[in-house]
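Enquirer: Got query.cif for you, mmCIF, C-alpha atoms and all ligand atoms:
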data_my_file
loop_
_atom_site.label_atom_id
_atom_site.label_comp_id
_atom_site.auth_asym_id
_atom_site.auth_seq_id
_atom_site.Cartn_x
_atom_site.Cartn_y
_atom_site.Cartn_z
CA MET R 1 -52.10 -22.40 -57.92
CA LYS R 2 -53.24 -25.82 -59.15
CA ILE R 3 -50.68 -27.95 -61.01
CA SER R 4 -52.80 -31.07 -61.40
CA ASN R 5 -55.68 -32.88 -59.70
CA HIS R 6 -53.84 -33.49 -56.45
CA VAL R 7 -51.01 -30.95 -56.64
CA SER R 8 -50.94 -27.24 -55.82
CA TRP R 9 -47.98 -24.89 -56.04
CA VAL R 10 -47.30 -23.37 -52.61
CA GLY R 11 -43.88 -21.80 -53.18
CA LYS R 12 -42.63 -18.24 -53.31
CA VAL R 13 -41.99 -16.07 -56.36
CA ASP R 14 -39.01 -13.84 -55.62
CA TRP R 15 -39.37 -10.96 -58.07
CA GLU R 16 -36.56 -8.88 -56.60
CA LEU R 17 -33.81 -11.51 -56.48
CA ARG R 18 -30.79 -10.39 -58.49
CA LYS R 19 -28.04 -12.52 -56.95
CA PHE R 20 -28.08 -16.15 -55.92
CA HIS R 21 -25.54 -18.43 -54.23
CA GLY R 22 -24.49 -15.39 -52.24
CA GLU R 23 -23.16 -12.96 -54.85
CA GLN R 24 -22.00 -15.71 -57.19
CA LEU R 25 -24.84 -16.07 -59.67
CA SER R 26 -26.88 -13.34 -61.32
CA THR R 27 -30.64 -13.81 -61.50
CA ASN R 28 -31.70 -10.87 -63.63
CA ASN R 29 -35.27 -12.11 -63.98
CA GLY R 30 -35.78 -13.03 -60.32
CA SER R 31 -36.55 -16.61 -59.36
CA SER R 32 -39.01 -18.77 -57.50
CA TYR R 33 -38.67 -21.40 -54.82
CA ASN R 34 -41.20 -23.99 -55.89
CA ALA R 35 -42.86 -26.01 -53.14
CA TYR R 36 -45.77 -28.29 -53.84
CA LEU R 37 -48.69 -29.52 -51.78
CA VAL R 38 -50.01 -32.99 -52.64
CA GLU R 39 -53.48 -33.65 -51.22
CA ASP R 40 -54.65 -37.25 -51.35
CA GLU R 41 -55.67 -39.60 -48.51
CA LYS R 42 -52.26 -38.65 -47.20
CA VAL R 43 -50.90 -35.12 -47.42
CA ALA R 44 -47.35 -34.40 -48.56
CA ILE R 45 -45.34 -31.21 -49.00
CA VAL R 46 -42.62 -31.42 -51.63
CA ASP R 47 -39.75 -29.08 -50.73
CA SER R 48 -40.12 -25.65 -49.13
CA VAL R 49 -38.65 -22.19 -49.71
CA TRP R 50 -35.55 -20.13 -48.95
CA THR R 51 -35.05 -19.14 -45.33
CA PRO R 52 -36.08 -15.43 -45.60
CA PHE R 53 -39.52 -16.53 -46.79
CA ALA R 54 -40.06 -19.31 -44.21
CA LYS R 55 -42.64 -17.45 -42.16
CA GLU R 56 -44.59 -16.31 -45.19
CA PHE R 57 -44.53 -19.87 -46.53
CA ILE R 58 -45.94 -21.29 -43.30
CA GLU R 59 -48.68 -18.63 -43.11
CA ASN R 60 -49.71 -19.32 -46.71
CA LEU R 61 -49.74 -23.05 -46.06
CA LYS R 62 -51.90 -22.57 -42.97
CA SER R 63 -54.46 -20.76 -45.09
CA LYS R 64 -54.74 -23.85 -47.29
CA ILE R 65 -54.50 -26.81 -44.88
CA GLU R 66 -54.21 -27.67 -41.24
CA LEU R 67 -50.53 -28.31 -40.76
CA SER R 68 -51.33 -31.12 -38.30
CA LYS R 69 -52.67 -33.04 -41.34
CA ILE R 70 -49.34 -33.15 -43.14
CA ASP R 71 -48.10 -36.75 -43.23
CA TYR R 72 -44.91 -36.31 -45.21
CA ILE R 73 -42.41 -33.57 -45.93
CA VAL R 74 -40.52 -34.67 -49.03
CA VAL R 75 -37.08 -33.11 -49.30
CA LEU R 76 -35.69 -33.61 -52.79
CA HIS R 77 -32.64 -31.42 -52.17
CA ALA R 78 -31.40 -29.80 -48.96
CA GLU R 79 -29.83 -26.64 -50.35
CA PRO R 80 -31.29 -23.84 -48.20
CA ASP R 81 -33.19 -22.27 -51.10
CA HIS R 82 -35.47 -25.32 -50.86
CA SER R 83 -35.08 -26.43 -47.26
CA GLY R 84 -34.85 -23.05 -45.55
CA ALA R 85 -38.39 -23.28 -44.17
CA LEU R 86 -37.91 -26.86 -42.97
CA PRO R 87 -37.20 -26.03 -39.28
CA LEU R 88 -40.35 -23.92 -39.05
CA LEU R 89 -42.38 -26.48 -40.96
CA VAL R 90 -41.27 -29.31 -38.68
CA GLN R 91 -42.03 -27.13 -35.67
CA ASN R 92 -45.57 -26.61 -37.00
CA ALA R 93 -46.05 -30.18 -38.23
CA PRO R 94 -44.07 -32.34 -35.79
CA GLN R 95 -46.07 -35.44 -36.76
CA ALA R 96 -44.79 -35.37 -40.35
CA LYS R 97 -42.06 -37.73 -41.49
CA ILE R 98 -39.26 -36.24 -43.56
CA VAL R 99 -38.92 -38.36 -46.67
CA CYS R 100 -35.56 -38.02 -48.42
CA SER R 101 -32.47 -39.83 -49.69
CA ALA R 102 -29.75 -41.07 -47.33
CA SER R 103 -27.53 -38.36 -48.71
CA ALA R 104 -30.14 -35.71 -47.91
CA VAL R 105 -30.24 -36.87 -44.28
CA LYS R 106 -26.56 -35.92 -44.12
CA SER R 107 -27.02 -32.50 -45.74
CA ILE R 108 -30.18 -31.72 -43.72
CA LYS R 109 -28.41 -32.66 -40.48
CA GLY R 110 -25.36 -30.71 -41.65
CA TYR R 111 -27.44 -27.57 -42.04
CA TYR R 112 -29.97 -27.81 -39.22
CA HIS R 113 -28.30 -30.11 -36.66
CA GLN R 114 -31.60 -31.79 -35.78
CA ASP R 115 -32.43 -35.45 -35.42
CA TRP R 116 -35.82 -35.32 -37.08
CA ASP R 117 -38.03 -38.27 -38.04
CA PHE R 118 -36.49 -39.31 -41.34
CA GLN R 119 -37.81 -41.90 -43.75
CA VAL R 120 -35.02 -42.73 -46.16
CA VAL R 121 -35.93 -43.60 -49.75
CA LYS R 122 -33.87 -45.00 -52.60
CA THR R 123 -34.31 -45.04 -56.37
CA GLY R 124 -37.37 -47.09 -57.30
CA GLU R 125 -38.96 -46.95 -53.86
CA LYS R 126 -42.56 -45.85 -53.68
CA LEU R 127 -44.62 -43.93 -51.19
CA SER R 128 -48.37 -44.41 -51.40
CA LEU R 129 -50.48 -41.34 -50.71
CA GLY R 130 -53.84 -43.00 -51.50
CA LYS R 131 -54.89 -42.90 -55.14
CA THR R 132 -51.51 -41.46 -56.02
CA GLU R 133 -48.04 -42.75 -55.33
CA LEU R 134 -44.62 -41.12 -55.36
CA THR R 135 -41.74 -42.99 -56.98
CA PHE R 136 -38.28 -41.72 -56.12
CA ILE R 137 -35.35 -41.41 -58.51
CA GLU R 138 -32.04 -40.35 -57.01
CA VAL R 139 -30.09 -38.04 -59.33
CA PRO R 140 -26.87 -37.49 -57.37
CA MET R 141 -24.79 -34.52 -58.54
CA LEU R 142 -27.64 -32.89 -60.42
CA HIS R 143 -26.29 -30.84 -58.78
CA TRP R 144 -25.73 -32.03 -55.18
CA PRO R 145 -25.17 -35.55 -53.84
CA ASP R 146 -28.67 -35.45 -52.31
CA SER R 147 -30.54 -34.38 -55.48
CA THR R 148 -33.59 -36.57 -56.01
CA MET R 149 -36.62 -36.54 -58.30
CA ALA R 150 -40.07 -37.92 -57.52
CA PHE R 151 -42.80 -38.99 -59.91
CA LEU R 152 -46.43 -38.75 -58.81
CA SER R 153 -48.64 -41.38 -60.47
CA GLU R 154 -52.21 -40.59 -61.55
CA ASP R 155 -51.36 -36.90 -62.03
CA ASN R 156 -48.13 -37.84 -63.83
CA VAL R 157 -46.12 -35.00 -62.33
CA LEU R 158 -42.34 -35.29 -62.21
CA PHE R 159 -40.90 -33.20 -59.38
CA SER R 160 -37.45 -32.70 -60.86
CA SER R 161 -35.69 -30.62 -58.18
CA ASP R 162 -33.13 -28.20 -59.69
CA ALA R 163 -32.93 -30.03 -63.03
CA PHE R 164 -34.96 -28.34 -65.80
CA GLY R 165 -35.30 -25.26 -63.57
CA GLN R 166 -34.69 -21.62 -64.38
CA HIS R 167 -34.17 -18.52 -62.28
CA TYR R 168 -37.28 -16.82 -63.57
CA ALA R 169 -40.07 -15.05 -61.72
CA SER R 170 -43.56 -15.30 -63.15
CA GLN R 171 -47.14 -15.15 -61.99
CA LYS R 172 -47.90 -18.00 -64.38
CA ILE R 173 -46.59 -21.44 -63.55
CA PHE R 174 -46.71 -23.22 -66.92
CA ASP R 175 -44.31 -22.90 -69.84
CA ASN R 176 -47.10 -22.26 -72.36
CA GLU R 177 -48.18 -19.18 -70.39
CA ASN R 178 -44.73 -17.59 -70.53
CA ASP R 179 -42.34 -16.05 -73.05
CA GLN R 180 -40.58 -19.01 -74.71
CA THR R 181 -37.39 -17.09 -75.55
CA GLU R 182 -37.01 -15.91 -71.96
CA ILE R 183 -37.63 -19.27 -70.30
CA PHE R 184 -35.31 -21.20 -72.61
CA TYR R 185 -32.63 -18.49 -72.18
CA GLU R 186 -32.90 -18.79 -68.38
CA ALA R 187 -32.94 -22.61 -68.55
CA MET R 188 -29.75 -22.50 -70.61
CA LYS R 189 -28.12 -19.97 -68.28
CA TYR R 190 -29.00 -22.24 -65.34
CA PHE R 191 -27.51 -25.26 -67.09
CA ALA R 192 -24.37 -23.41 -68.23
CA ASN R 193 -23.60 -21.95 -64.82
CA ILE R 194 -24.70 -24.78 -62.53
CA LEU R 195 -24.96 -28.11 -64.31
CA THR R 196 -22.14 -28.02 -66.89
CA PRO R 197 -19.56 -29.67 -64.57
CA PHE R 198 -21.94 -32.61 -64.16
CA SER R 199 -22.80 -33.00 -67.86
CA LYS R 200 -21.88 -36.69 -68.06
CA LYS R 201 -24.13 -37.44 -65.09
CA VAL R 202 -26.93 -35.41 -66.69
CA THR R 203 -26.68 -37.57 -69.82
CA LYS R 204 -26.69 -40.80 -67.81
CA LYS R 205 -29.60 -39.77 -65.60
CA ILE R 206 -31.72 -38.57 -68.51
CA GLU R 207 -31.12 -41.90 -70.25
CA GLU R 208 -32.25 -43.67 -67.06
CA LEU R 209 -35.27 -41.39 -66.77
CA LEU R 210 -36.33 -41.97 -70.38
CA ALA R 211 -35.87 -45.74 -69.97
CA LEU R 212 -38.50 -45.67 -67.21
CA ASN R 213 -41.07 -44.60 -69.83
CA LEU R 214 -42.93 -42.50 -67.32
CA PRO R 215 -46.07 -40.90 -68.75
CA ILE R 216 -44.97 -37.40 -67.67
CA SER R 217 -47.65 -34.73 -68.06
CA VAL R 218 -45.83 -32.03 -66.09
CA ILE R 219 -42.20 -31.48 -65.10
CA ALA R 220 -42.32 -29.42 -61.93
CA PRO R 221 -38.82 -28.13 -61.12
CA ALA R 222 -37.65 -26.37 -57.98
CA HIS R 223 -37.21 -22.99 -59.71
CA GLY R 224 -39.12 -21.11 -62.37
CA ILE R 225 -41.91 -22.33 -64.58
CA ALA R 226 -43.18 -25.91 -64.90
CA TRP R 227 -42.97 -27.67 -68.26
CA LYS R 228 -46.17 -28.96 -69.84
CA ASP R 229 -46.11 -28.30 -73.60
CA GLY R 230 -42.32 -28.17 -73.63
CA ILE R 231 -41.50 -31.44 -71.85
CA LYS R 232 -39.85 -33.02 -74.89
CA ALA R 233 -38.23 -29.71 -75.85
CA ILE R 234 -36.52 -29.17 -72.50
CA ILE R 235 -35.41 -32.81 -72.22
CA ASP R 236 -33.98 -32.61 -75.77
CA LYS R 237 -32.20 -29.37 -74.83
CA TYR R 238 -30.67 -31.02 -71.76
CA ILE R 239 -29.43 -33.92 -73.91
CA LEU R 240 -27.83 -31.40 -76.31
CA TRP R 241 -26.41 -29.11 -73.63
CA ALA R 242 -24.86 -32.02 -71.74
CA ASN R 243 -23.01 -33.25 -74.80
CA ALA R 244 -20.11 -30.81 -75.37
CA TYR R 245 -22.55 -28.20 -76.65
CA SER R 246 -21.61 -25.41 -79.01
CA GLU R 247 -23.16 -23.18 -81.66
CA ASN R 248 -21.53 -21.46 -84.62
CA GLN R 249 -20.41 -18.62 -82.36
CA ILE R 250 -17.07 -17.14 -81.33
CA THR R 251 -16.89 -14.94 -78.26
CA LEU R 252 -14.14 -12.45 -77.47
CA ILE R 253 -13.85 -11.35 -73.86
CA TYR R 254 -11.43 -8.73 -72.68
CA ASP R 255 -10.72 -6.19 -70.01
CA SER R 256 -8.82 -3.02 -70.79
CA MET R 257 -7.26 -0.05 -69.00
CA TYR R 258 -6.61 2.40 -71.87
CA ASN R 259 -8.58 0.74 -74.69
CA SER R 260 -5.55 -0.98 -76.26
CA THR R 261 -6.83 -4.48 -75.53
CA ARG R 262 -10.37 -3.43 -76.48
CA ARG R 263 -9.12 -2.25 -79.87
CA MET R 264 -7.21 -5.51 -80.28
CA ALA R 265 -10.41 -7.48 -79.67
CA GLU R 266 -12.30 -5.52 -82.29
CA ILE R 267 -9.58 -5.88 -84.95
CA ILE R 268 -9.15 -9.62 -84.28
CA ALA R 269 -12.93 -10.00 -84.58
CA GLU R 270 -12.80 -8.32 -88.00
CA GLY R 271 -10.10 -10.75 -89.11
CA ILE R 272 -12.17 -13.74 -87.96
CA GLN R 273 -15.26 -12.43 -89.73
CA ALA R 274 -13.28 -11.86 -92.93
CA GLU R 275 -12.29 -15.52 -92.91
CA CYS R 276 -15.61 -16.90 -91.60
CA ASP R 277 -18.53 -14.89 -92.85
CA ASP R 278 -21.22 -17.13 -91.34
CA VAL R 279 -19.93 -17.26 -87.75
CA LYS R 280 -21.70 -15.20 -85.10
CA ILE R 281 -19.21 -13.07 -83.16
CA LYS R 282 -19.88 -11.49 -79.78
CA ILE R 283 -17.54 -9.22 -77.81
CA PHE R 284 -17.73 -8.48 -74.09
CA ASN R 285 -15.75 -6.34 -71.67
CA SER R 286 -15.64 -8.62 -68.64
CA SER R 287 -15.48 -5.71 -66.20
CA LYS R 288 -18.68 -4.23 -67.62
CA SER R 289 -20.64 -7.41 -68.26
CA ASP R 290 -22.51 -9.85 -66.09
CA ILE R 291 -20.11 -12.76 -65.56
CA ASN R 292 -22.87 -15.38 -65.61
CA ASP R 293 -24.30 -14.03 -68.86
CA VAL R 294 -20.77 -14.14 -70.30
CA VAL R 295 -20.37 -17.73 -69.08
CA LEU R 296 -23.55 -18.56 -71.00
CA GLU R 297 -21.99 -17.05 -74.15
CA VAL R 298 -18.83 -19.09 -73.59
CA PHE R 299 -20.99 -22.19 -73.13
CA ARG R 300 -22.71 -21.69 -76.49
CA SER R 301 -19.47 -20.79 -78.35
CA LYS R 302 -17.24 -23.12 -80.30
CA ALA R 303 -14.30 -20.86 -79.48
CA VAL R 304 -13.35 -18.00 -77.20
CA LEU R 305 -10.58 -15.42 -77.28
CA VAL R 306 -9.62 -13.96 -73.95
CA GLY R 307 -7.66 -10.73 -73.57
CA SER R 308 -6.15 -8.67 -70.80
CA PRO R 309 -3.24 -6.31 -70.54
CA SER R 310 -0.39 -7.28 -68.24
CA TYR R 311 -1.03 -5.85 -64.79
CA ASN R 312 1.39 -5.98 -61.86
CA ASN R 313 2.64 -9.59 -62.01
CA GLY R 314 -0.54 -10.88 -63.59
CA ILE R 315 -3.65 -9.83 -65.50
CA LEU R 316 -6.73 -7.76 -64.72
CA HIS R 317 -8.92 -9.33 -62.07
CA SER R 318 -12.15 -9.47 -64.05
CA ILE R 319 -10.44 -11.73 -66.60
CA ALA R 320 -8.67 -13.75 -63.89
CA GLY R 321 -12.03 -14.30 -62.18
CA LEU R 322 -13.73 -15.29 -65.41
CA LEU R 323 -10.96 -17.77 -66.25
CA ASP R 324 -11.27 -19.32 -62.81
CA GLU R 325 -15.04 -19.58 -63.21
CA ILE R 326 -14.67 -21.23 -66.62
CA LYS R 327 -12.12 -23.70 -65.25
CA GLY R 328 -14.55 -24.83 -62.57
CA LEU R 329 -17.26 -25.47 -65.16
CA ALA R 330 -15.13 -27.96 -67.13
CA MET R 331 -16.63 -27.22 -70.54
CA GLU R 332 -15.66 -29.55 -73.38
CA ASN R 333 -14.83 -29.32 -77.07
CA LYS R 334 -13.94 -25.63 -77.25
CA LYS R 335 -11.02 -23.85 -78.85
CA ALA R 336 -9.41 -20.70 -77.51
CA ALA R 337 -6.70 -18.10 -77.86
CA ALA R 338 -5.13 -15.36 -75.74
CA PHE R 339 -4.44 -11.74 -76.58
CA GLY R 340 -3.59 -8.49 -74.86
CA SER R 341 -1.49 -5.37 -74.75
CA TYR R 342 1.53 -4.81 -72.54
CA GLY R 343 4.03 -2.14 -71.63
CA TRP R 344 7.22 -4.01 -70.83
CA SER R 345 6.24 -7.58 -69.93
CA PRO R 346 4.06 -9.72 -72.25
CA ALA R 347 3.43 -12.22 -69.45
CA ASN R 348 -0.33 -11.64 -69.86
CA VAL R 349 -0.84 -13.88 -72.91
CA LYS R 350 1.13 -16.70 -71.31
CA ILE R 351 -0.94 -16.50 -68.12
CA ILE R 352 -4.19 -16.48 -70.12
CA SER R 353 -3.10 -19.34 -72.40
CA GLU R 354 -2.11 -21.48 -69.41
CA SER R 355 -5.43 -20.78 -67.68
CA LEU R 356 -7.36 -21.70 -70.82
CA LYS R 357 -5.40 -24.95 -71.12
CA ALA R 358 -6.09 -25.71 -67.45
CA ALA R 359 -9.78 -25.15 -68.20
CA GLY R 360 -9.61 -27.87 -70.86
CA PHE R 361 -9.71 -25.66 -73.96
CA ASP R 362 -7.78 -26.52 -77.14
CA VAL R 363 -5.56 -23.43 -77.18
CA PHE R 364 -4.15 -21.86 -80.38
CA ALA R 365 -0.34 -21.99 -80.26
CA ASP R 366 0.00 -18.37 -81.35
CA THR R 367 -1.01 -15.40 -79.19
CA ALA R 368 -1.77 -11.79 -80.13
CA LYS R 369 0.34 -9.15 -78.41
CA ALA R 370 0.72 -5.43 -78.91
CA GLN R 371 3.06 -3.13 -77.01
CA TRP R 372 1.52 0.02 -75.55
CA ASN R 373 -1.14 1.16 -77.99
CA PRO R 374 -1.51 -0.96 -81.17
CA SER R 375 0.09 0.74 -84.19
CA GLU R 376 -1.12 0.48 -87.79
CA ALA R 377 1.41 -2.32 -88.30
CA ASP R 378 0.04 -4.07 -85.21
CA ALA R 379 -3.49 -3.69 -86.55
CA THR R 380 -2.56 -5.57 -89.72
CA LYS R 381 -0.97 -8.34 -87.65
CA LEU R 382 -4.04 -8.55 -85.39
CA PHE R 383 -6.37 -8.77 -88.39
CA ASP R 384 -4.23 -11.61 -89.78
CA PHE R 385 -4.19 -13.27 -86.35
CA GLY R 386 -8.00 -13.31 -86.46
CA LYS R 387 -7.89 -14.95 -89.90
CA GLU R 388 -5.37 -17.54 -88.75
CA PHE R 389 -7.45 -18.32 -85.67
CA ALA R 390 -10.50 -18.83 -87.88
CA LYS R 391 -8.46 -21.30 -89.98
CA PHE R 392 -7.42 -23.09 -86.77
CA LEU R 393 -11.11 -23.62 -86.02
CA LYS R 394 -11.56 -25.40 -89.33
CA GLN R 395 -8.86 -27.97 -88.49
FE1 LIG B 1 -32.08 -24.55 -56.10
FE2 LIG B 1 -29.50 -26.47 -55.63
O1 LIG B 1 -30.85 -25.41 -55.03
#
Using structure tokens, write down the structure from this file.
Ligand code: FEO
Expert:
Amino acid sequence: MKISNHVSWVGKVDWELRKFHGEQLSTNNGSSYNAYLVEDEKVAIVDSVWTPFAKEFIENLKSKIELSKIDYIVVLHAEPDHSGALPLLVQNAPQAKIVCSASAVKSIKGYYHQDWDFQVVKTGEKLSLGKTELTFIEVPMLHWPDSTMAFLSEDNVLFSSDAFGQHYASQKIFDNENDQTEIFYEAMKYFANILTPFSKKVTKKIEELLALNLPISVIAPAHGIAWKDGIKAIIDKYILWANAYSENQITLIYDSMYNSTRRMAEIIAEGIQAECDDVKIKIFNSSKSDINDVVLEVFRSKAVLVGSPSYNNGILHSIAGLLDEIKGLAMENKKAAAFGSYGWSPANVKIISESLKAAGFDVFADTAKAQWNPSEADATKLFDFGKEFAKFLKQ
């Protein structure tokens, strides 16, 4: 698949992938491991594919070029979804130098324990391939210390590593050949679940990138489709997403044993809507929803309400897990509140409130509790709680 004059896509589309980072991240639309072949006077491979596809990757590559002609293997990021085929590639192309950042040398050696022929590059350094030239831009913590981008002159392709990527399988490589709603949804899910903790660095690096005034014709990320028509759109989205992003949305997330906490969520939501007609409200049962899709909804919300009944000495594990996930993502500028039913110990709302505070949310002082199954009197209180929470959002 041709990307530009000198660049071909030689990666792997993984249509059946449903979980990534072990079982941590859902990839409901599959993914791709994008590797690129640059053919000029010199030949370079930019990144490779995940380990299970190493052999297939090498066979495909052999059908396109003689591997003995590869001069450089550029490693922009050593996470095994992009470097997994590196040992086999080096074995088949022992003459090639591995071009990467100093940090990537550490992560590559950490994974593969080999003393390969490394050529270390820093931001601003160039590698001539003939008519074209690669310029490297280190983007540490987008999302690993080794993360690096490379810009190919002449063709004006920015190899952006994980940034601007999406877990999205498609036969078609360019944005304008794909469903716009799907690719932007997956790009946002990727950002929300992977890049949010590094938002300040994203902002800084995008400012640096824009200051370089590169005449980018294609952004070629390490996953999903490449951006051609949507270059400005995806960069603008990253600037927005990295800056304490929220929409006019409130999300309620609960788990429930006997529907008491579910009913509470629904009544509170009615109270909020009565006070704020224009706000979009979404409700999820965390034990029945995809956690990464819920994280995306939290990311785009200006406020969240989290509910669980008391359970043993704590709360239900799907809510505990979600709260832990949210804490690690360090989202900014969001308000929150806790609710839940209990039998004899209302410790649940305290535990949830504390977790939300630890996650950096501005937590409503009041909590919504109901003993056993909410009564009619409780329902009125819960409705009013929703209204009060909506007023808290206006402060
Ligand atoms: Fe797609 Fe961070 O590897």
Enquirer: Could you give me the residues within 7 Å of ligand LIG 1 (chain B), counting only C-alpha atoms and all ligand atoms, as a list in words?
Expert: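 Those residues are His77, Glu79, Asp81, His82, His143, Trp144, Asp162, Ala222 and His223 of chain R.
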Enquirer: What is the atom CA of R:Gly307-atom CA of R:Lys394 distance in Å, reported with one decimal?
Expert: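 Interatomic distance here is 21.9 Å.
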Enquirer: Could you tell me which of R:Lys357, R:Lys122, R:Lys172, R:His167 comes closest to R:Thr148 if we count only C-alpha atoms?
Expert: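 Smallest distance to R:Thr148 is found for R:Lys122.
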Enquirer: Near stretch 130-135 of chain R, counting only C-alpha atoms, which residues have an atom at most 8 Å away, once you skip same-chain residues fewer than 5 positions from it, shown as a list in words?
Expert: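 Surrounding residues, per the criterion: Asp40, Glu41, Lys42, Thr123, Gly124, Glu125, Ala150, Phe151, Leu152, Ser153, Glu154 and Asp155 of chain R.
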Enquirer: Excluding stretch 193-200 of chain R and residues on its chain fewer than 2 positions from it, collect all residues at most 12 Å away from it, counting all atoms listed in the file, and give them as number ranges by chain.
Expert: R: 20-21, 24-27, 139-145, 162-167, 186-191, 202-207, 238-245, 291-300, 322, 325-332, 359-360
Enquirer: Can you work out the spacing between atom CA of R:Ser301 and atom CA of R:Tyr254 in Å, to one decimal?
Expert: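 Between these atoms lies a distance of 15.6 Å.
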Enquirer: Any idea what's packed within 12 Å of R:Ile352, counting all atoms listed in the file, ignoring anything in its chain fewer than 4 positions away? Could you give it as a VMD selection string?
Expert: chain R and resid 253 to 254 304 to 310 314 to 317 319 to 324 327 336 to 340 346 to 348 356 to 359 361 363 to 364 367 to 369
Enquirer: Just the selected residues (C-alpha atoms), exported as a short mmCIF file (atom, residue, chain, number, x, y, z; two decimals), in the frame of the given file, please.
Expert:
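Once written, selection16.cif looks like this:
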data_model
loop_
_atom_site.label_atom_id
_atom_site.label_comp_id
_atom_site.auth_asym_id
_atom_site.auth_seq_id
_atom_site.Cartn_x
_atom_site.Cartn_y
_atom_site.Cartn_z
CA ILE R 253 -13.85 -11.35 -73.86
CA TYR R 254 -11.43 -8.73 -72.68
CA VAL R 304 -13.35 -18.00 -77.20
CA LEU R 305 -10.58 -15.42 -77.28
CA VAL R 306 -9.62 -13.96 -73.95
CA GLY R 307 -7.66 -10.73 -73.57
CA SER R 308 -6.15 -8.67 -70.80
CA PRO R 309 -3.24 -6.31 -70.54
CA SER R 310 -0.39 -7.28 -68.24
CA GLY R 314 -0.54 -10.88 -63.59
CA ILE R 315 -3.65 -9.83 -65.50
CA LEU R 316 -6.73 -7.76 -64.72
CA HIS R 317 -8.92 -9.33 -62.07
CA ILE R 319 -10.44 -11.73 -66.60
CA ALA R 320 -8.67 -13.75 -63.89
CA GLY R 321 -12.03 -14.30 -62.18
CA LEU R 322 -13.73 -15.29 -65.41
CA LEU R 323 -10.96 -17.77 -66.25
CA ASP R 324 -11.27 -19.32 -62.81
CA LYS R 327 -12.12 -23.70 -65.25
CA ALA R 336 -9.41 -20.70 -77.51
CA ALA R 337 -6.70 -18.10 -77.86
CA ALA R 338 -5.13 -15.36 -75.74
CA PHE R 339 -4.44 -11.74 -76.58
CA GLY R 340 -3.59 -8.49 -74.86
CA PRO R 346 4.06 -9.72 -72.25
CA ALA R 347 3.43 -12.22 -69.45
CA ASN R 348 -0.33 -11.64 -69.86
CA LEU R 356 -7.36 -21.70 -70.82
CA LYS R 357 -5.40 -24.95 -71.12
CA ALA R 358 -6.09 -25.71 -67.45
CA ALA R 359 -9.78 -25.15 -68.20
CA PHE R 361 -9.71 -25.66 -73.96
CA VAL R 363 -5.56 -23.43 -77.18
CA PHE R 364 -4.15 -21.86 -80.38
CA THR R 367 -1.01 -15.40 -79.19
CA ALA R 368 -1.77 -11.79 -80.13
CA LYS R 369 0.34 -9.15 -78.41
#
Enquirer: For R:Leu158, which of R:Ser355, R:Ser287, R:Ser68, R:Ser4 is the closest residue, counting only C-alpha atoms?
Expert: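 The shortest atom-to-atom distance to R:Leu158 comes from R:Ser4.
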Enquirer: Need to verify the contact set: R:Asn29, 8 Å, only C-alpha atoms, exclusion of same-chain residues closer than 3 positions in sequence. Can you return it as JSON, numbers by chain?
Expert: {"R": [15, 17, 18, 167, 168, 169]}
Enquirer: Quick one, how far is atom CA of R:Leu67 from atom CA of R:Ala44?
Expert: 10.4 Å
Enquirer: Tell me, as a PyMOL selection string, which residues lie within 6 Å of stretch 91-102 of chain R, counting all atoms listed in the file; anything in the same chain fewer than 3 positions away does not count.
Expert: chain R and resi 67-68+70-75+88+105+117-121
Enquirer: Nearest to R:Ala390: which of R:Lys69, R:Asn285, R:Gln273, R:Ala365 is it, counting only C-alpha atoms?
Expert: R:Gln273
Enquirer: Mind listing as a compact mmCIF listing (two decimals) with C-alpha atoms, in the coordinates of the input all residues within 10 Å of (-40.3, -21.2, -46.5), counting only C-alpha atoms?
Expert:
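Heads up, here's the output in out.txt:
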# COMPACT_ATOMS: atom_id res chain seq x y z
CA VAL R 10 -47.30 -23.37 -52.61
CA GLY R 11 -43.88 -21.80 -53.18
CA LYS R 12 -42.63 -18.24 -53.31
CA TYR R 33 -38.67 -21.40 -54.82
CA ASN R 34 -41.20 -23.99 -55.89
CA ALA R 35 -42.86 -26.01 -53.14
CA ASP R 47 -39.75 -29.08 -50.73
CA SER R 48 -40.12 -25.65 -49.13
CA VAL R 49 -38.65 -22.19 -49.71
CA TRP R 50 -35.55 -20.13 -48.95
CA THR R 51 -35.05 -19.14 -45.33
CA PRO R 52 -36.08 -15.43 -45.60
CA PHE R 53 -39.52 -16.53 -46.79
CA ALA R 54 -40.06 -19.31 -44.21
CA LYS R 55 -42.64 -17.45 -42.16
CA GLU R 56 -44.59 -16.31 -45.19
CA PHE R 57 -44.53 -19.87 -46.53
CA ILE R 58 -45.94 -21.29 -43.30
CA GLU R 59 -48.68 -18.63 -43.11
CA ASN R 60 -49.71 -19.32 -46.71
CA LEU R 61 -49.74 -23.05 -46.06
CA PRO R 80 -31.29 -23.84 -48.20
CA ASP R 81 -33.19 -22.27 -51.10
CA HIS R 82 -35.47 -25.32 -50.86
CA SER R 83 -35.08 -26.43 -47.26
CA GLY R 84 -34.85 -23.05 -45.55
CA ALA R 85 -38.39 -23.28 -44.17
CA LEU R 86 -37.91 -26.86 -42.97
CA PRO R 87 -37.20 -26.03 -39.28
CA LEU R 88 -40.35 -23.92 -39.05
CA LEU R 89 -42.38 -26.48 -40.96
Enquirer: My list of candidates is R:Leu252, R:Ala370, R:Ala274, R:Val90. Which is closest to R:Val349 when distances are computed with all atoms listed in the file?
Expert: R:Ala370
Enquirer: I'd like to know which of R:Ile3, R:Ile234, R:Ala192, R:Leu129 is closest to R:Phe174, using all atoms listed in the file.
Expert: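 Ranking R:Ile3, R:Ile234, R:Ala192, R:Leu129 by distance to R:Phe174, first place goes to R:Ile3.
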